[in-house]
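Q: Sharing structure.cif here; it has mmCIF, N, CA and C atoms.
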data_structure
#
loop_
_atom_site.label_atom_id
_atom_site.label_comp_id
_atom_site.auth_asym_id
_atom_site.auth_seq_id
_atom_site.Cartn_x
_atom_site.Cartn_y
_atom_site.Cartn_z
N MET A 1 21.01 12.28 7.84
CA MET A 1 20.20 12.41 6.64
C MET A 1 19.24 11.23 6.54
N LYS A 2 17.97 11.54 6.35
CA LYS A 2 16.95 10.49 6.28
C LYS A 2 17.00 9.82 4.92
N ASN A 3 16.71 8.53 4.92
CA ASN A 3 16.61 7.78 3.68
C ASN A 3 15.16 7.78 3.24
N GLU A 4 14.78 8.77 2.46
CA GLU A 4 13.39 8.91 2.03
C GLU A 4 13.09 7.99 0.85
N LYS A 5 11.98 7.32 0.90
CA LYS A 5 11.54 6.47 -0.20
C LYS A 5 10.76 7.31 -1.20
N THR A 6 10.82 6.90 -2.47
CA THR A 6 10.06 7.58 -3.49
C THR A 6 8.62 7.07 -3.47
N LEU A 7 7.75 7.77 -4.17
CA LEU A 7 6.35 7.34 -4.24
C LEU A 7 6.25 5.96 -4.89
N LYS A 8 7.09 5.70 -5.89
CA LYS A 8 7.05 4.38 -6.53
C LYS A 8 7.46 3.29 -5.55
N GLN A 9 8.43 3.55 -4.70
CA GLN A 9 8.84 2.58 -3.70
C GLN A 9 7.73 2.33 -2.69
N HIS A 10 7.06 3.40 -2.27
CA HIS A 10 5.92 3.24 -1.36
C HIS A 10 4.82 2.42 -2.04
N GLY A 11 4.58 2.68 -3.31
CA GLY A 11 3.59 1.92 -4.06
C GLY A 11 3.93 0.44 -4.11
N LYS A 12 5.21 0.12 -4.29
CA LYS A 12 5.64 -1.29 -4.32
C LYS A 12 5.44 -1.95 -2.96
N ILE A 13 5.70 -1.23 -1.90
CA ILE A 13 5.51 -1.77 -0.56
C ILE A 13 4.03 -2.09 -0.33
N VAL A 14 3.16 -1.19 -0.76
CA VAL A 14 1.71 -1.42 -0.64
C VAL A 14 1.31 -2.65 -1.46
N GLU A 15 1.86 -2.79 -2.66
CA GLU A 15 1.57 -3.97 -3.48
C GLU A 15 1.99 -5.24 -2.76
N HIS A 16 3.13 -5.21 -2.08
CA HIS A 16 3.60 -6.39 -1.35
C HIS A 16 2.66 -6.74 -0.19
N PHE A 17 2.19 -5.71 0.52
CA PHE A 17 1.22 -5.95 1.59
C PHE A 17 -0.03 -6.65 1.03
N PHE A 18 -0.56 -6.12 -0.08
CA PHE A 18 -1.79 -6.69 -0.64
C PHE A 18 -1.56 -8.07 -1.22
N ALA A 19 -0.39 -8.31 -1.80
CA ALA A 19 -0.08 -9.64 -2.32
C ALA A 19 0.01 -10.65 -1.18
N ALA A 20 0.66 -10.27 -0.09
CA ALA A 20 0.76 -11.16 1.07
C ALA A 20 -0.61 -11.44 1.66
N ALA A 21 -1.45 -10.43 1.75
CA ALA A 21 -2.81 -10.61 2.28
C ALA A 21 -3.60 -11.55 1.38
N THR A 22 -3.46 -11.40 0.07
CA THR A 22 -4.17 -12.27 -0.87
C THR A 22 -3.73 -13.71 -0.71
N ILE A 23 -2.43 -13.93 -0.58
CA ILE A 23 -1.92 -15.30 -0.40
C ILE A 23 -2.44 -15.90 0.89
N LEU A 24 -2.41 -15.14 1.97
CA LEU A 24 -2.91 -15.66 3.25
C LEU A 24 -4.40 -15.99 3.17
N LEU A 25 -5.18 -15.16 2.50
CA LEU A 25 -6.61 -15.42 2.39
C LEU A 25 -6.89 -16.61 1.47
N LEU A 26 -6.08 -16.80 0.44
CA LEU A 26 -6.24 -17.98 -0.42
C LEU A 26 -5.89 -19.26 0.33
N ILE A 27 -4.86 -19.20 1.16
CA ILE A 27 -4.52 -20.36 1.99
C ILE A 27 -5.68 -20.69 2.92
N CYS A 28 -6.30 -19.64 3.46
CA CYS A 28 -7.46 -19.84 4.34
C CYS A 28 -8.57 -20.58 3.62
N LEU A 29 -8.79 -20.25 2.34
CA LEU A 29 -9.84 -20.91 1.57
C LEU A 29 -9.52 -22.37 1.28
N ILE A 30 -8.24 -22.69 1.13
CA ILE A 30 -7.83 -24.05 0.80
C ILE A 30 -7.92 -24.97 2.02
N LEU A 31 -7.60 -24.45 3.18
CA LEU A 31 -7.58 -25.26 4.40
C LEU A 31 -8.99 -25.66 4.82
N PRO A 32 -9.11 -26.84 5.44
CA PRO A 32 -10.42 -27.20 5.99
C PRO A 32 -10.78 -26.29 7.17
N ASN A 33 -12.06 -26.12 7.39
CA ASN A 33 -12.52 -25.24 8.45
C ASN A 33 -11.97 -25.70 9.79
N GLY A 34 -11.32 -24.80 10.48
CA GLY A 34 -10.73 -25.12 11.78
C GLY A 34 -9.93 -23.94 12.29
N PRO A 35 -9.25 -24.14 13.40
CA PRO A 35 -8.51 -23.02 14.00
C PRO A 35 -7.37 -22.49 13.13
N ILE A 36 -6.73 -23.36 12.36
CA ILE A 36 -5.64 -22.89 11.51
C ILE A 36 -6.19 -22.03 10.38
N ALA A 37 -7.30 -22.43 9.79
CA ALA A 37 -7.92 -21.63 8.74
C ALA A 37 -8.35 -20.26 9.28
N TRP A 38 -8.89 -20.25 10.48
CA TRP A 38 -9.29 -18.98 11.09
C TRP A 38 -8.07 -18.10 11.36
N ALA A 39 -6.96 -18.71 11.75
CA ALA A 39 -5.74 -17.94 12.00
C ALA A 39 -5.26 -17.28 10.70
N PHE A 40 -5.29 -18.03 9.59
CA PHE A 40 -4.90 -17.44 8.31
C PHE A 40 -5.87 -16.33 7.89
N LEU A 41 -7.14 -16.51 8.15
CA LEU A 41 -8.12 -15.48 7.83
C LEU A 41 -7.85 -14.20 8.60
N ILE A 42 -7.65 -14.32 9.89
CA ILE A 42 -7.39 -13.15 10.73
C ILE A 42 -6.07 -12.49 10.34
N LEU A 43 -5.04 -13.31 10.07
CA LEU A 43 -3.75 -12.76 9.68
C LEU A 43 -3.85 -12.05 8.32
N GLY A 44 -4.59 -12.63 7.38
CA GLY A 44 -4.78 -12.00 6.08
C GLY A 44 -5.50 -10.67 6.18
N ILE A 45 -6.53 -10.61 7.00
CA ILE A 45 -7.26 -9.36 7.19
C ILE A 45 -6.37 -8.32 7.88
N ALA A 46 -5.56 -8.75 8.84
CA ALA A 46 -4.66 -7.83 9.53
C ALA A 46 -3.60 -7.27 8.57
N VAL A 47 -3.04 -8.12 7.72
CA VAL A 47 -2.03 -7.65 6.77
C VAL A 47 -2.65 -6.68 5.77
N MET A 48 -3.87 -6.96 5.34
CA MET A 48 -4.55 -6.05 4.42
C MET A 48 -4.81 -4.70 5.11
N GLY A 49 -5.21 -4.73 6.36
CA GLY A 49 -5.42 -3.50 7.11
C GLY A 49 -4.14 -2.71 7.27
N LEU A 50 -3.03 -3.40 7.54
CA LEU A 50 -1.74 -2.71 7.63
C LEU A 50 -1.35 -2.08 6.30
N GLY A 51 -1.65 -2.78 5.21
CA GLY A 51 -1.37 -2.23 3.89
C GLY A 51 -2.17 -0.96 3.62
N LEU A 52 -3.44 -0.97 4.03
CA LEU A 52 -4.28 0.21 3.85
C LEU A 52 -3.79 1.38 4.69
N ILE A 53 -3.36 1.08 5.90
CA ILE A 53 -2.83 2.14 6.78
C ILE A 53 -1.53 2.70 6.21
N TYR A 54 -0.65 1.80 5.75
CA TYR A 54 0.61 2.25 5.16
C TYR A 54 0.35 3.12 3.94
N ARG A 55 -0.59 2.70 3.11
CA ARG A 55 -0.92 3.46 1.89
C ARG A 55 -1.45 4.84 2.24
N ALA A 56 -2.31 4.92 3.24
CA ALA A 56 -2.89 6.20 3.64
C ALA A 56 -1.82 7.14 4.20
N ARG A 57 -0.82 6.59 4.85
CA ARG A 57 0.21 7.43 5.48
C ARG A 57 1.33 7.84 4.54
N HIS A 58 1.66 6.99 3.56
CA HIS A 58 2.86 7.23 2.76
C HIS A 58 2.64 7.48 1.28
N PHE A 59 1.53 7.03 0.71
CA PHE A 59 1.31 7.15 -0.73
C PHE A 59 0.49 8.41 -0.99
N LYS A 60 1.17 9.57 -0.86
CA LYS A 60 0.48 10.84 -1.03
C LYS A 60 1.43 11.87 -1.64
N CYS A 61 0.88 12.98 -2.04
CA CYS A 61 1.63 14.04 -2.70
C CYS A 61 2.66 14.65 -1.74
N PRO A 62 3.91 14.78 -2.16
CA PRO A 62 4.91 15.41 -1.28
C PRO A 62 4.73 16.93 -1.16
N HIS A 63 3.92 17.52 -2.03
CA HIS A 63 3.70 18.97 -2.00
C HIS A 63 2.55 19.36 -1.07
N CYS A 64 1.39 18.73 -1.28
CA CYS A 64 0.21 19.12 -0.50
C CYS A 64 -0.19 18.08 0.55
N GLU A 65 0.50 16.94 0.57
CA GLU A 65 0.27 15.88 1.55
C GLU A 65 -1.11 15.22 1.44
N LYS A 66 -1.79 15.36 0.28
CA LYS A 66 -3.08 14.71 0.11
C LYS A 66 -2.91 13.37 -0.58
N SER A 67 -3.77 12.42 -0.24
CA SER A 67 -3.71 11.07 -0.79
C SER A 67 -4.13 11.06 -2.25
N PHE A 68 -3.64 10.08 -2.98
CA PHE A 68 -4.01 9.93 -4.38
C PHE A 68 -5.29 9.12 -4.54
N SER A 69 -6.08 9.02 -3.54
CA SER A 69 -7.35 8.27 -3.49
C SER A 69 -7.15 6.85 -3.97
N ARG A 70 -7.72 6.47 -5.10
CA ARG A 70 -7.69 5.07 -5.52
C ARG A 70 -6.66 4.79 -6.60
N SER A 71 -5.79 5.71 -6.85
CA SER A 71 -4.78 5.53 -7.90
C SER A 71 -3.82 4.40 -7.51
N GLN A 72 -3.57 3.51 -8.46
CA GLN A 72 -2.64 2.42 -8.21
C GLN A 72 -1.23 2.78 -8.67
N THR A 73 -1.13 3.79 -9.53
CA THR A 73 0.17 4.22 -10.02
C THR A 73 0.40 5.67 -9.62
N VAL A 74 1.63 6.09 -9.74
CA VAL A 74 1.97 7.47 -9.41
C VAL A 74 1.60 8.35 -10.61
N PRO A 75 0.69 9.30 -10.44
CA PRO A 75 0.34 10.19 -11.56
C PRO A 75 1.48 11.15 -11.86
N ALA A 76 1.47 11.74 -13.05
CA ALA A 76 2.52 12.70 -13.43
C ALA A 76 2.38 13.99 -12.62
N TYR A 77 1.13 14.37 -12.34
CA TYR A 77 0.85 15.59 -11.56
C TYR A 77 -0.17 15.26 -10.48
N CYS A 78 -0.07 15.95 -9.37
CA CYS A 78 -1.01 15.74 -8.27
C CYS A 78 -2.40 16.19 -8.71
N PRO A 79 -3.43 15.35 -8.49
CA PRO A 79 -4.78 15.75 -8.87
C PRO A 79 -5.35 16.86 -7.98
N HIS A 80 -4.72 17.12 -6.84
CA HIS A 80 -5.23 18.13 -5.90
C HIS A 80 -4.56 19.49 -6.08
N CYS A 81 -3.21 19.50 -6.11
CA CYS A 81 -2.51 20.78 -6.18
C CYS A 81 -1.84 21.03 -7.52
N GLY A 82 -1.75 20.00 -8.35
CA GLY A 82 -1.14 20.15 -9.66
C GLY A 82 0.38 20.09 -9.64
N GLY A 83 0.96 19.78 -8.47
CA GLY A 83 2.41 19.70 -8.37
C GLY A 83 2.98 18.55 -9.19
N LYS A 84 4.13 18.78 -9.81
CA LYS A 84 4.77 17.77 -10.64
C LYS A 84 5.29 16.64 -9.76
N LEU A 85 5.01 15.41 -10.18
CA LEU A 85 5.43 14.25 -9.42
C LEU A 85 6.45 13.43 -10.21
N GLY A 86 7.25 14.09 -11.04
CA GLY A 86 8.27 13.42 -11.80
C GLY A 86 9.40 12.95 -10.90
N GLN A 87 10.42 12.35 -11.48
CA GLN A 87 11.53 11.80 -10.71
C GLN A 87 12.21 12.86 -9.85
N GLU A 88 12.32 14.10 -10.36
CA GLU A 88 12.99 15.13 -9.57
C GLU A 88 12.17 15.53 -8.36
N ALA A 89 10.84 15.36 -8.40
CA ALA A 89 9.99 15.70 -7.25
C ALA A 89 9.95 14.57 -6.24
N LEU A 90 10.32 13.37 -6.68
CA LEU A 90 10.26 12.22 -5.80
C LEU A 90 11.56 12.13 -5.04
#
Here is a file; write its structure as structure tokens.
A:
Amino acid sequence: MKNEKTLKQHGKIVEHFFAAATILLLICLILPNGPIAWAFLILGIAVMGLGLIYRARHFKCPHCEKSFSRSQTVPAYCPHCGGKLGQEAL
């Protein structure tokens, strides 16, 4: 039996990716220009890219498999198919 995550759990994982990317990019801004600052910049951009990929793959309607576009929270109903996204659907 697979351990399926709910949409809210996927949303939290995406938030963690973006928070980590923000921290890495802020560290890059604080450091003096040099190879370490560039490493933090590249790592921050990579983590943000991974977050975007994860969001595109997992933060979508379980009924029609379409993404919620720019929604940061889980809507009550899918904007594409109208399927209920309540706790019982998750």
Q: From the list A:Leu85, A:Leu29, A:Gly49, A:Phe40, which residue is nearest Cys61 in chain A when using all atoms listed in the file?
A: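 Using all atoms listed in the file, the shortest distance to Cys61 in chain A belongs to A:Leu85.
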Q: Name the residues that the PyMOL selection byres ((chain A and resi 63) around 8) picks from the file above, as a PyMOL selection string, using the file's chain letters and numbers.
A: chain A and resi 60-62+64-66+81+83-84+89
Q: Grab the residues selected above and save them as a PDB file, keeping the file's coordinate frame with N, CA and C atoms.
A:
ATOM      1  N   LYS A  60       1.170   9.570  -0.860  1.00  0.00           N
ATOM      2  CA  LYS A  60       0.480  10.840  -1.030  1.00  0.00           C
ATOM      3  C   LYS A  60       1.430  11.870  -1.640  1.00  0.00           C
ATOM      4  N   CYS A  61       0.880  12.980  -2.040  1.00  0.00           N
ATOM      5  CA  CYS A  61       1.630  14.040  -2.700  1.00  0.00           C
ATOM      6  C   CYS A  61       2.660  14.650  -1.740  1.00  0.00           C
ATOM      7  N   PRO A  62       3.910  14.780  -2.160  1.00  0.00           N
ATOM      8  CA  PRO A  62       4.910  15.410  -1.280  1.00  0.00           C
ATOM      9  C   PRO A  62       4.730  16.930  -1.160  1.00  0.00           C
ATOM     10  N   CYS A  64       1.390  18.730  -1.280  1.00  0.00           N
ATOM     11  CA  CYS A  64       0.210  19.120  -0.500  1.00  0.00           C
ATOM     12  C   CYS A  64      -0.190  18.080   0.550  1.00  0.00           C
ATOM     13  N   GLU A  65       0.500  16.940   0.570  1.00  0.00           N
ATOM     14  CA  GLU A  65       0.270  15.880   1.550  1.00  0.00           C
ATOM     15  C   GLU A  65      -1.110  15.220   1.440  1.00  0.00           C
ATOM     16  N   LYS A  66      -1.790  15.360   0.280  1.00  0.00           N
ATOM     17  CA  LYS A  66      -3.080  14.710   0.110  1.00  0.00           C
ATOM     18  C   LYS A  66      -2.910  13.370  -0.580  1.00  0.00           C
ATOM     19  N   CYS A  81      -3.210  19.500  -6.110  1.00  0.00           N
ATOM     20  CA  CYS A  81      -2.510  20.780  -6.180  1.00  0.00           C
ATOM     21  C   CYS A  81      -1.840  21.030  -7.520  1.00  0.00           C
ATOM     22  N   GLY A  83       0.960  19.780  -8.470  1.00  0.00           N
ATOM     23  CA  GLY A  83       2.410  19.700  -8.370  1.00  0.00           C
ATOM     24  C   GLY A  83       2.980  18.550  -9.190  1.00  0.00           C
ATOM     25  N   LYS A  84       4.130  18.780  -9.810  1.00  0.00           N
ATOM     26  CA  LYS A  84       4.770  17.770 -10.640  1.00  0.00           C
ATOM     27  C   LYS A  84       5.290  16.640  -9.760  1.00  0.00           C
ATOM     28  N   ALA A  89      10.840  15.360  -8.400  1.00  0.00           N
ATOM     29  CA  ALA A  89       9.990  15.700  -7.250  1.00  0.00           C
ATOM     30  C   ALA A  89       9.950  14.570  -6.240  1.00  0.00           C
TER      31      ALA A  89
END
Q: Using all atoms listed in the file, can you tell me which of A:Leu43, A:Glu4, A:Pro35, A:Cys78 comes closest to Ala20 in chain A?
A: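 Among the listed residues, the smallest separation from Ala20 in chain A belongs to A:Leu43.
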Q: May I have the residues within 10 Å of Gly11 in chain A as a list in words, using only C-alpha atoms and disregarding those fewer than 4 positions away in the same chain?
A: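 Near neighbours after the sequence-gap exclusion: Lys5, Thr6, Leu7, Glu15, His16, Phe17, Tyr54, Arg55, His58, Phe59, Lys60, Ser71, Gln72, Thr73 and Val74 of chain A.
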Q: What does the distance between CA of Pro75 in chain A and atom C of Thr22 in chain A come to in Å, to one decimal place?
A: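 If I compute the distance from CA of Pro75 in chain A to atom C of Thr22 in chain A, I get 26.6 Å.
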Q: Quick one: pick out all helix (DSSP H, G or I) residues within chain A from a backbone DSSP run and write them as a PyMOL selection string.
A: chain A and resi 7-30+35-58
Q: Would you list, as a PDB file with N, CA and C atoms, in the frame of the given file, the residues of chain A that end up in strand (DSSP E or B) under DSSP run on this structure's backbone?
A:
ATOM      1  N   LYS A  60       1.170   9.570  -0.860  1.00  0.00           N
ATOM      2  CA  LYS A  60       0.480  10.840  -1.030  1.00  0.00           C
ATOM      3  C   LYS A  60       1.430  11.870  -1.640  1.00  0.00           C
ATOM      4  N   SER A  67      -3.770  12.420  -0.240  1.00  0.00           N
ATOM      5  CA  SER A  67      -3.710  11.070  -0.790  1.00  0.00           C
ATOM      6  C   SER A  67      -4.130  11.060  -2.250  1.00  0.00           C
ATOM      7  N   TYR A  77       1.130  14.370 -12.340  1.00  0.00           N
ATOM      8  CA  TYR A  77       0.850  15.590 -11.560  1.00  0.00           C
ATOM      9  C   TYR A  77      -0.170  15.260 -10.480  1.00  0.00           C
ATOM     10  N   LYS A  84       4.130  18.780  -9.810  1.00  0.00           N
ATOM     11  CA  LYS A  84       4.770  17.770 -10.640  1.00  0.00           C
ATOM     12  C   LYS A  84       5.290  16.640  -9.760  1.00  0.00           C
TER      13      LYS A  84
END
Q: Considering only N, CA and C atoms, return as an mmCIF file with N, CA and C atoms, in the frame of the given file whatever protein or nucleic-acid residues lie within 7 Å of Ile13 in chain A, sequence-local ones (same chain, fewer than 5 positions apart) excluded.
A:
data_model
loop_
_atom_site.group_PDB
_atom_site.id
_atom_site.type_symbol
_atom_site.label_atom_id
_atom_site.label_comp_id
_atom_site.auth_asym_id
_atom_site.auth_seq_id
_atom_site.Cartn_x
_atom_site.Cartn_y
_atom_site.Cartn_z
ATOM 1 N N LYS A 8 7.090 5.700 -5.890
ATOM 2 C CA LYS A 8 7.050 4.380 -6.530
ATOM 3 C C LYS A 8 7.460 3.290 -5.550
ATOM 4 N N PHE A 18 -0.560 -6.120 -0.080
ATOM 5 C CA PHE A 18 -1.790 -6.690 -0.640
ATOM 6 C C PHE A 18 -1.560 -8.070 -1.220
ATOM 7 N N GLY A 51 -1.650 -2.780 5.210
ATOM 8 C CA GLY A 51 -1.370 -2.230 3.890
ATOM 9 C C GLY A 51 -2.170 -0.960 3.620
#
Q: Which residue gives the smallest distance to Ile45 in chain A among A:Leu25, A:Leu31, A:Arg57, A:Gly82, with all atoms listed in the file counted?
A: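 Going through A:Leu25, A:Leu31, A:Arg57, A:Gly82 one by one, the smallest distance to Ile45 in chain A is for A:Leu25.
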Q: Show me, as AutoDock Vina command-line options, the centre and edge lengths in Å to one decimal of the axis-aligned box that covers every listed atom of range 20-31 of chain A with 8 Å on each side.
A:
--center_x -4.5 --center_y -18.0 --center_z 2.0 --size_x 26.6 --size_y 31.4 --size_z 21.7
Q: Quick one, how far is CA of Cys28 in chain A from CA of Val14 in chain A?
A: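 So the two atoms, CA of Cys28 in chain A and CA of Val14 in chain A, lie 21.2 Å apart.
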Q: Mind giving me the straight-line distance from CA of Pro32 in chain A to CA of Leu50 in chain A in Å, one decimal?
A: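 We find that CA of Pro32 in chain A and CA of Leu50 in chain A lie 26.0 Å from each other.
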Q: Which residue is closest to Leu24 in chain A? Choose from A:Ile36, A:Ala76, A:Val47, A:Leu41 and count all atoms listed in the file.
A: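 Among the listed residues, the smallest separation from Leu24 in chain A belongs to A:Leu41.
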